[in-house]
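Source file: run.csv; contents: CSV, C-alpha atoms and all ligand atoms.
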chain,number,residue,atom,x,y,z
O,260,MET,CA,132.2,87.2,95.3
O,261,LYS,CA,129.8,89.2,97.4
O,262,ASN,CA,132.7,91.0,99.1
O,263,TYR,CA,134.2,92.0,95.8
O,264,LYS,CA,134.5,95.8,95.4
O,265,PRO,CA,134.2,97.2,91.8
O,266,LYS,CA,137.0,99.5,91.0
O,267,ASN,CA,135.0,102.1,89.0
O,268,ARG,CA,132.8,103.2,91.9
O,269,LEU,CA,132.9,106.9,92.7
O,270,ALA,CA,132.4,108.7,96.0
O,271,ALA,CA,128.8,108.8,97.1
O,272,GLN,CA,128.8,112.6,96.9
O,273,THR,CA,129.7,112.5,93.2
O,274,TYR,CA,126.6,110.4,92.5
O,275,ILE,CA,124.4,112.6,94.7
O,276,GLN,CA,125.5,115.9,93.2
O,277,GLY,CA,125.3,114.4,89.7
O,278,ILE,CA,121.7,113.2,90.3
O,279,LEU,CA,120.6,116.5,91.7
O,280,LYS,CA,122.0,118.2,88.6
O,281,GLY,CA,120.1,115.8,86.4
O,282,ASP,CA,123.3,114.1,85.0
O,283,ARG,CA,121.9,111.1,83.2
O,284,VAL,CA,125.2,109.2,83.2
O,285,LEU,CA,125.7,109.5,86.9
O,286,LEU,CA,122.0,108.7,87.4
O,287,SER,CA,122.4,105.5,85.4
O,288,ARG,CA,125.5,104.5,87.3
O,289,ALA,CA,123.8,105.1,90.6
O,290,ILE,CA,120.9,102.9,89.5
O,291,THR,CA,123.4,100.2,88.7
O,292,ILE,CA,124.6,100.4,92.3
O,293,ILE,CA,121.1,100.1,93.6
O,294,GLU,CA,120.5,97.1,91.5
O,295,SER,CA,123.8,95.5,92.6
O,296,ASN,CA,123.8,92.7,95.1
O,297,LEU,CA,127.4,93.3,96.2
O,298,GLU,CA,127.8,94.3,99.9
O,299,SER,CA,130.0,97.3,99.2
O,300,ASP,CA,127.4,98.6,96.7
O,301,LYS,CA,124.5,98.1,99.1
O,302,THR,CA,126.3,100.4,101.6
O,303,LEU,CA,126.9,103.0,98.9
O,304,ALA,CA,123.3,102.7,97.6
O,305,LYS,CA,122.0,103.4,101.1
O,306,GLU,CA,124.1,106.5,101.4
O,307,ILE,CA,122.9,107.8,98.0
O,308,ILE,CA,119.3,107.2,98.8
O,309,GLN,CA,119.4,108.7,102.2
O,310,ALA,CA,120.9,111.9,100.7
O,311,ILE,CA,118.5,112.2,97.8
O,312,LEU,CA,115.4,111.3,99.7
O,313,PRO,CA,114.5,115.0,100.6
O,314,TYR,CA,114.6,115.8,96.9
O,315,SER,CA,112.4,112.9,95.8
O,316,GLY,CA,108.6,112.7,95.6
O,317,ASN,CA,107.9,115.6,93.2
O,318,SER,CA,106.3,113.6,90.5
O,319,ILE,CA,103.2,111.9,89.5
O,320,ARG,CA,103.8,108.2,89.5
O,321,ILE,CA,101.8,106.2,87.0
O,322,GLY,CA,101.5,102.4,86.8
O,323,ILE,CA,100.8,101.0,83.4
O,324,THR,CA,99.9,97.3,82.9
O,325,GLY,CA,98.3,95.1,80.3
O,326,VAL,CA,98.9,91.7,78.7
O,327,PRO,CA,101.9,91.2,76.4
O,328,GLY,CA,100.9,92.5,72.9
O,329,VAL,CA,98.3,94.9,74.1
O,330,GLY,CA,100.5,97.8,73.0
O,331,LYS,CA,102.3,99.0,76.1
O,332,SER,CA,105.5,100.0,74.5
O,333,THR,CA,103.7,101.6,71.5
O,334,PHE,CA,101.5,103.5,73.9
O,335,ILE,CA,104.3,104.6,76.2
O,336,GLU,CA,106.3,105.8,73.2
O,337,VAL,CA,103.5,108.2,72.1
O,338,PHE,CA,102.3,109.0,75.5
O,339,GLY,CA,105.9,109.9,76.6
O,340,LYS,CA,106.5,112.1,73.6
O,341,HIS,CA,103.2,113.8,74.3
O,342,LEU,CA,104.3,114.6,77.9
O,343,VAL,CA,107.7,115.8,76.8
O,344,ASN,CA,106.0,118.1,74.3
O,345,LYS,CA,104.0,119.5,77.2
O,346,GLY,CA,107.2,120.3,79.0
O,347,HIS,CA,107.5,117.3,81.3
O,348,ARG,CA,110.5,115.2,82.0
O,349,VAL,CA,109.5,111.5,81.9
O,350,ALA,CA,111.2,108.5,83.5
O,351,ILE,CA,110.0,105.0,82.3
O,352,LEU,CA,110.8,102.1,84.5
O,353,SER,CA,109.7,98.5,84.3
O,354,ILE,CA,109.0,95.7,86.6
O,355,ASP,CA,109.3,92.3,85.0
O,356,PRO,CA,109.9,89.6,87.5
O,357,SER,CA,109.5,86.9,84.8
O,358,SER,CA,112.9,87.9,83.6
O,359,GLN,CA,114.6,86.0,86.5
O,360,ARG,CA,113.0,82.8,85.4
O,361,SER,CA,113.5,83.0,81.7
O,362,ARG,CA,116.8,84.8,82.2
O,363,GLY,CA,115.8,87.1,79.3
O,364,SER,CA,113.4,89.9,79.9
O,365,ILE,CA,110.2,90.0,78.0
O,366,LEU,CA,110.5,93.8,78.1
O,367,GLY,CA,114.1,93.8,77.2
O,368,ASP,CA,114.1,91.5,74.2
O,369,LYS,CA,112.6,93.9,71.8
O,370,THR,CA,114.0,97.2,70.8
O,371,ARG,CA,111.4,99.3,72.5
O,372,MET,CA,110.5,102.9,72.5
O,373,GLU,CA,113.4,103.9,70.2
O,374,GLU,CA,112.3,107.4,69.5
O,375,LEU,CA,111.6,108.2,73.2
O,376,ALA,CA,114.9,106.7,74.1
O,377,ASN,CA,116.6,109.4,72.0
O,378,ILE,CA,114.9,112.3,73.7
O,379,ASP,CA,116.8,114.1,76.4
O,380,GLU,CA,113.7,114.7,78.5
O,381,ALA,CA,112.9,111.0,78.7
O,382,TYR,CA,114.8,108.4,80.6
O,383,ILE,CA,114.1,104.7,80.1
O,384,ARG,CA,115.4,102.0,82.4
O,385,PRO,CA,114.5,98.4,81.8
O,386,SER,CA,113.7,96.0,84.6
O,387,ALA,CA,116.1,95.2,87.4
O,388,SER,CA,116.6,91.6,88.0
O,389,GLY,CA,116.4,89.9,91.4
O,390,ASP,CA,115.4,86.7,93.1
O,391,THR,CA,112.1,87.8,94.4
O,392,LEU,CA,109.3,90.2,93.4
O,393,GLY,CA,109.9,92.1,96.6
O,394,GLY,CA,113.6,92.6,95.7
O,395,VAL,CA,112.7,93.8,92.2
O,396,ALA,CA,110.1,96.1,93.6
O,397,ASN,CA,112.6,97.6,96.1
O,398,LYS,CA,115.0,98.3,93.3
O,399,THR,CA,112.4,99.9,91.1
O,400,GLY,CA,111.0,101.9,94.0
O,401,GLU,CA,114.5,103.2,94.9
O,402,THR,CA,115.2,103.9,91.2
O,403,MET,CA,112.0,105.9,91.1
O,404,LEU,CA,113.3,108.1,94.0
O,405,LEU,CA,116.6,108.7,92.2
O,406,CYS,CA,114.7,109.7,89.0
O,407,GLU,CA,112.6,112.1,90.9
O,408,ALA,CA,115.6,113.7,92.5
O,409,ALA,CA,117.1,114.0,89.0
O,410,GLY,CA,114.1,116.2,88.0
O,411,TYR,CA,111.8,113.7,86.2
O,412,ASP,CA,108.3,114.9,87.1
O,413,VAL,CA,106.4,112.0,85.5
O,414,VAL,CA,107.4,108.5,86.3
O,415,LEU,CA,105.8,105.6,84.3
O,416,ILE,CA,106.2,102.2,85.8
O,417,GLU,CA,105.3,99.5,83.4
O,418,THR,CA,104.6,95.9,84.2
O,419,VAL,CA,103.4,92.9,82.2
O,420,GLY,CA,99.9,91.9,83.2
O,421,VAL,CA,100.7,88.3,84.0
O,422,GLY,CA,101.2,88.0,87.7
O,423,GLN,CA,101.7,89.5,91.1
O,424,SER,CA,103.7,92.5,89.8
O,425,GLU,CA,100.6,94.6,89.2
O,426,THR,CA,100.0,94.7,93.0
O,427,ALA,CA,103.6,95.8,93.6
O,428,VAL,CA,103.3,98.5,91.0
O,429,HIS,CA,99.9,99.6,92.3
O,430,GLY,CA,101.6,99.9,95.7
O,431,MET,CA,104.1,102.4,94.5
O,432,THR,CA,102.1,104.6,92.1
O,433,ASP,CA,99.5,107.3,92.3
O,434,PHE,CA,97.5,106.4,89.3
O,435,PHE,CA,97.0,103.0,87.8
O,436,LEU,CA,96.3,102.6,84.1
O,437,LEU,CA,95.2,99.4,82.6
O,438,LEU,CA,95.5,98.8,78.8
O,439,MET,CA,93.1,96.3,77.3
O,440,LEU,CA,92.0,95.0,74.0
O,441,ALA,CA,88.5,94.7,72.6
O,442,GLY,CA,87.2,91.3,71.6
O,443,ALA,CA,90.0,89.3,73.1
O,444,GLY,CA,87.7,86.4,73.9
O,445,ASP,CA,85.5,86.9,76.9
O,446,GLU,CA,85.7,90.7,77.6
O,447,LEU,CA,86.9,90.3,81.1
O,448,GLN,CA,89.2,87.4,80.5
O,449,GLY,CA,92.9,87.6,80.7
O,450,ILE,CA,93.0,90.3,83.3
O,451,LYS,CA,91.9,89.2,86.7
O,452,LYS,CA,89.2,91.0,88.5
O,453,GLY,CA,91.6,92.2,91.2
O,454,ILE,CA,93.5,94.1,88.6
O,455,MET,CA,90.4,95.7,87.2
O,456,GLU,CA,89.6,96.8,90.7
O,457,MET,CA,92.9,98.6,91.0
O,458,ALA,CA,92.5,100.6,87.8
O,459,ASP,CA,91.9,104.3,87.8
O,460,MET,CA,91.6,104.3,84.1
O,461,VAL,CA,91.0,101.5,81.5
O,462,VAL,CA,92.2,102.3,78.0
O,463,ILE,CA,91.0,100.0,75.2
O,464,ASN,CA,93.9,100.2,72.8
O,465,LYS,CA,94.0,99.4,69.1
O,466,ALA,CA,90.7,101.2,68.6
O,467,ASP,CA,91.5,101.7,64.9
O,468,GLY,CA,90.4,100.3,61.5
O,469,ASP,CA,88.0,97.4,61.8
O,470,ASN,CA,88.4,97.4,65.5
O,471,ILE,CA,86.6,100.7,66.2
O,472,THR,CA,83.1,99.3,66.7
O,473,MET,CA,84.3,96.5,68.9
O,474,SER,CA,86.3,98.9,70.9
O,475,LYS,CA,83.3,101.2,71.5
O,476,LEU,CA,81.3,98.2,72.6
O,477,ALA,CA,84.1,97.0,74.9
O,478,LYS,CA,84.2,100.5,76.4
O,479,ARG,CA,80.6,100.3,77.4
O,480,GLN,CA,81.1,96.8,78.8
O,481,TYR,CA,84.0,97.9,80.9
O,482,GLN,CA,82.2,100.9,82.1
O,483,ASN,CA,79.4,98.7,83.4
O,484,ALA,CA,81.9,96.2,84.9
O,485,LEU,CA,83.7,99.0,86.8
O,486,HIS,CA,80.4,100.3,88.1
O,487,ILE,CA,79.9,97.4,90.3
O,488,PHE,CA,83.1,98.0,92.3
O,489,PRO,CA,82.7,100.1,95.5
O,490,GLN,CA,83.8,103.7,95.3
O,491,SER,CA,87.5,104.0,95.8
O,492,GLU,CA,88.9,105.8,98.8
O,493,SER,CA,90.4,108.4,96.4
O,494,GLY,CA,87.0,109.7,95.5
O,495,TRP,CA,87.8,109.1,91.9
O,496,SER,CA,85.5,107.1,89.6
O,497,PRO,CA,87.6,105.0,87.1
O,498,VAL,CA,87.3,106.2,83.5
O,499,VAL,CA,87.2,104.0,80.4
O,500,SER,CA,88.3,105.3,77.1
O,501,THR,CA,89.4,104.0,73.7
O,502,ALA,CA,92.8,104.8,72.0
O,503,SER,CA,95.0,103.9,69.2
O,504,ALA,CA,98.6,104.1,70.2
O,505,ILE,CA,99.7,103.5,66.6
O,506,LYS,CA,97.6,106.3,65.2
O,507,ASN,CA,98.1,108.6,68.2
O,508,ILE,CA,94.4,108.9,68.9
O,509,GLY,CA,93.0,109.3,72.4
O,510,ILE,CA,96.5,109.7,73.9
O,511,SER,CA,96.2,113.3,75.1
O,512,ASN,CA,92.9,112.4,76.7
O,513,VAL,CA,94.7,110.0,79.0
O,514,TRP,CA,96.9,112.7,80.3
O,515,ASP,CA,93.9,115.1,80.7
O,516,GLU,CA,92.2,112.5,82.9
O,517,ILE,CA,95.4,112.0,85.0
O,518,GLU,CA,95.5,115.8,85.5
O,519,LYS,CA,91.9,115.8,86.6
O,520,PHE,CA,92.6,112.9,89.0
O,521,LYS,CA,95.6,114.8,90.4
O,522,ARG,CA,93.6,117.9,91.0
O,523,LEU,CA,90.9,115.9,92.8
O,524,VAL,CA,93.3,114.0,95.1
O,525,ASP,CA,95.4,117.1,95.9
O,526,GLU,CA,92.3,118.9,96.9
O,527,ASN,CA,90.7,116.1,99.0
O,528,GLY,CA,94.0,115.1,100.6
O,529,TYR,CA,94.1,111.6,99.2
O,530,PHE,CA,97.3,112.1,97.3
O,531,LYS,CA,99.4,112.7,100.4
O,532,LYS,CA,97.5,110.2,102.5
O,533,ASN,CA,98.1,107.5,99.9
O,534,ARG,CA,101.8,108.3,99.5
O,535,ASN,CA,102.3,108.2,103.3
O,536,HIS,CA,100.5,104.9,103.4
O,537,GLN,CA,102.6,103.5,100.6
O,538,GLN,CA,105.9,104.5,102.4
O,539,ILE,CA,104.9,102.8,105.6
O,540,GLN,CA,103.7,99.8,103.7
O,541,TRP,CA,107.0,99.6,101.9
O,542,MET,CA,108.7,99.2,105.3
O,543,TYR,CA,106.3,96.5,106.4
O,544,ASN,CA,106.7,94.6,103.2
O,545,ASN,CA,110.4,94.5,103.7
O,546,ILE,CA,110.1,93.4,107.3
O,547,ASN,CA,107.8,90.6,106.3
O,548,GLU,CA,110.1,89.5,103.5
O,549,GLU,CA,113.2,89.6,105.7
O,550,LEU,CA,111.4,87.7,108.5
O,551,LYS,CA,110.3,85.0,106.0
O,552,ASN,CA,113.9,84.8,104.6
O,553,LEU,CA,115.3,84.4,108.1
O,554,PHE,CA,112.8,81.7,109.1
O,555,TYR,CA,112.9,79.6,105.9
O,556,GLY,CA,116.6,80.2,105.3
O,557,SER,CA,117.5,78.5,108.5
O,558,LYS,CA,118.9,75.0,108.0
O,559,ASN,CA,117.5,73.6,111.3
O,560,ILE,CA,114.1,75.0,110.6
O,561,LYS,CA,114.0,73.5,107.1
O,562,GLU,CA,114.9,70.1,108.4
O,563,HIS,CA,112.4,70.2,111.2
O,564,LEU,CA,109.7,71.5,108.8
O,565,SER,CA,110.0,68.4,106.7
O,566,VAL,CA,109.5,66.2,109.8
O,567,MET,CA,106.5,68.3,110.8
O,568,GLU,CA,105.0,67.8,107.3
O,569,LYS,CA,105.1,64.0,107.8
O,570,ASP,CA,103.7,64.3,111.3
O,571,ILE,CA,100.8,66.4,110.1
O,572,VAL,CA,99.9,64.0,107.3
O,573,SER,CA,100.0,61.0,109.7
O,574,ALA,CA,97.8,63.0,112.2
O,575,LYS,CA,100.5,62.9,114.9
O,576,ILE,CA,100.2,66.6,115.3
O,577,SER,CA,97.8,69.3,114.3
O,578,PRO,CA,98.9,72.0,111.8
O,579,VAL,CA,98.3,74.7,114.4
O,580,LYS,CA,100.4,73.0,117.0
O,581,ALA,CA,103.1,72.3,114.5
O,582,ALA,CA,103.3,76.0,113.5
O,583,GLU,CA,103.4,77.0,117.2
O,584,ILE,CA,106.4,74.6,117.8
O,585,MET,CA,108.2,75.8,114.7
O,586,ILE,CA,107.9,79.5,115.7
O,587,GLN,CA,109.0,78.7,119.2
O,588,GLU,CA,112.0,76.9,117.8
O,589,PHE,CA,112.8,80.0,115.7
O,590,LYS,CA,112.5,82.3,118.7
O,591,ASP,CA,114.7,80.0,120.8
O,592,SER,CA,117.4,80.2,118.1
O,593,PHE,CA,118.3,83.8,119.0
U,601,LIG,P1,103.4,95.3,74.5
U,601,LIG,O1,103.9,93.9,74.4
U,601,LIG,O2,102.3,95.5,75.3
U,601,LIG,O3,104.5,96.2,74.8
U,601,LIG,O4,102.9,95.7,73.0
U,601,LIG,P2,103.6,96.4,71.8
U,601,LIG,O5,103.7,97.9,72.0
U,601,LIG,O6,104.9,95.7,71.5
U,601,LIG,O7,102.6,96.1,70.6
U,601,LIG,C1,102.3,94.8,70.2
U,601,LIG,C2,101.8,94.9,68.7
U,601,LIG,O8,100.6,95.6,68.6
U,601,LIG,C3,102.8,95.6,67.8
U,601,LIG,O9,102.8,94.9,66.6
U,601,LIG,C4,102.2,97.0,67.6
U,601,LIG,O10,102.6,97.5,66.4
U,601,LIG,C5,100.7,96.7,67.7
U,601,LIG,N1,100.0,97.9,68.2
U,601,LIG,C6,100.3,98.6,69.3
U,601,LIG,N2,99.4,99.6,69.5
U,601,LIG,C7,98.5,99.5,68.4
U,601,LIG,C8,97.4,100.2,68.0
U,601,LIG,O11,96.9,101.2,68.7
U,601,LIG,N3,96.7,99.8,67.0
U,601,LIG,C9,97.1,98.7,66.2
U,601,LIG,N4,96.4,98.3,65.2
U,601,LIG,N5,98.2,98.0,66.6
U,601,LIG,C10,98.9,98.4,67.7
For the file at hand, write its structure as structure tokens.
Ligand code: GDP
Amino acid sequence: MKNYKPKNRLAAQTYIQGILKGDRVLLSRAITIIESNLESDKTLAKEIIQAILPYSGNSIRIGITGVPGVGKSTFIEVFGKHLVNKGHRVAILSIDPSSQRSRGSILGDKTRMEELANIDEAYIRPSASGDTLGGVANKTGETMLLCEAAGYDVVLIETVGVGQSETAVHGMTDFFLLLMLAGAGDELQGIKKGIMEMADMVVINKADGDNITMSKLAKRQYQNALHIFPQSESGWSPVVSTASAIKNIGISNVWDEIEKFKRLVDENGYFKKNRNHQQIQWMYNNINEELKNLFYGSKNIKEHLSVMEKDIVSAKISPVKAAEIMIQEFKDSF
């Protein structure tokens, strides 16, 4: 199956030129090739990415996270429209690794962002699937590059605030936006401290109706909570604000803050420095992942590991020694 070659594939140049001209159909078809696990598609994908790489990068990449129900799609819909009205072209991508497990994406089940989906200046692509978060992140990262080459100057990468995917999104974006709710039990509950620490901005959504007072209170609490984190290397102090996505209140303020952030990090050099760091890190993440796959994917290693586990439990061998033997066995296998 992996050697199967789909008949409807075009020459790499056709995709490349189409993307550079901003052709949405060819962009979508190229993304499908990036998402594909077929060997012939992988070769084609590499060729396309290599060619568009010099044209990528000209965007602000914004990560958006928050627990399901916080209002991410509602927020992105109004936020995206706001950006389009300001003359931007917006690409919206999502990372949803849970979809591999449930075989039905949380993000894809609903009809989301209907109005935005019908605007020419906006491009929405739901989550790619894959066996590992690393794989999904690779595909989203490469999709982002294609969107940039196609002229989208704002990329929003959305993730569900339920797992490891926030770290992956943080590692591929310039600005990290956390959507929260007021009064959802303990104020800091639900979102782990590590995620708070990554946030450049916390927006307390649903600050409307009876919820306004609670939202203002939550804003102060989050401001205090963020205060205790050490100053970020970017030189930016995280901002907390309230918003109502449904009533379109506080949305333009979010973009104003992002613009302020961009000015700061352009001036102090952090923007470029962080991008460079992320690119290099991307390579290392892949090396780490591939090495792990090579090691744990080996049949001999797998068998020997289960013997080692027993020997460790019965104190026949120390864990450190066992690891050393296993690595040596791996090296000897080449
Ligand atoms: P997601 O799961 O994070 O994408 O959340 P959705 O955008 O699907 O929103 C979940 C629910 O919250 C929906 O019923 C929305 O209508 C509602 N919602 C979203 N934003 C707001 C808001 O600003 N105020 C109020 N009151 N409800 C909102």
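The spacing separating atom CA of O:Ala502 from atom CA of O:Met403 amounts to 27.1 Å.
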Margin query: Please list as a ChimeraX atom specification every residue within 12 Å of stretch 522-534 of chain O, counting all atoms listed in the file and excluding residues in the same chain fewer than 5 positions away.
Written below: /O:316-320,429-434,491-496,515-517,539-541
Which chains and residue numbers are within 6 Å of ligand LIG 601 (chain U), counting all atoms listed in the file, if I want them as a list in words?
Pro327, Gly328, Val329, Gly330, Lys331, Ser332, Thr333, Asn464, Lys465, Asp467, Ser503, Ala504 and Ile505 of chain O
Open item on the list: Counting only C-alpha atoms, find residues at most 6 Å from (130.1, 103.7, 97.6) (file frame) and give them as a ChimeraX atom specification.
Closed with: /O:270-271,300,303
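Rounded to one decimal, atom CA of O:Ala477 and atom CA of O:Ile321 lie 23.3 Å from each other.
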Test item: axis-aligned box, all listed atoms of stretch 568-573 of chain O, 6 Å on each side, centre and edges in Å rounded to one decimal, as lines of an AutoDock Vina configuration file:
center_x = 102.5
center_y = 64.4
center_z = 109.3
size_x = 17.2
size_y = 18.8
size_z = 16.0
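Residues lying within 10 Å of O:Gly281, counting only C-alpha atoms and ignoring same-chain neighbours fewer than 4 positions away, are Ile275, Gln276, Gly277, Leu285, Leu286, Leu405, Cys406, Glu407, Ala408, Ala409, Gly410 and Tyr411 of chain O.
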re atom CA of O:Leu437 and atom CA of O:Asn377: distance 25.9 Å
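When all atoms listed in the file are used to measure the gap to O:Phe338, the shortest distance among O:Ile307, O:Ile510, O:Leu312, O:Ile416 belongs to O:Ile510.
The shortest atom-to-atom distance to O:Gly322, with only C-alpha atoms taken into account, belongs to O:Val419 out of O:Ile378, O:Val419, O:Val499, O:Leu404.
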Counting all atoms listed in the file, the residue among O:Met567, O:Ser287, O:Pro385, O:Lys264 that lies closest to O:Thr302 is O:Lys264
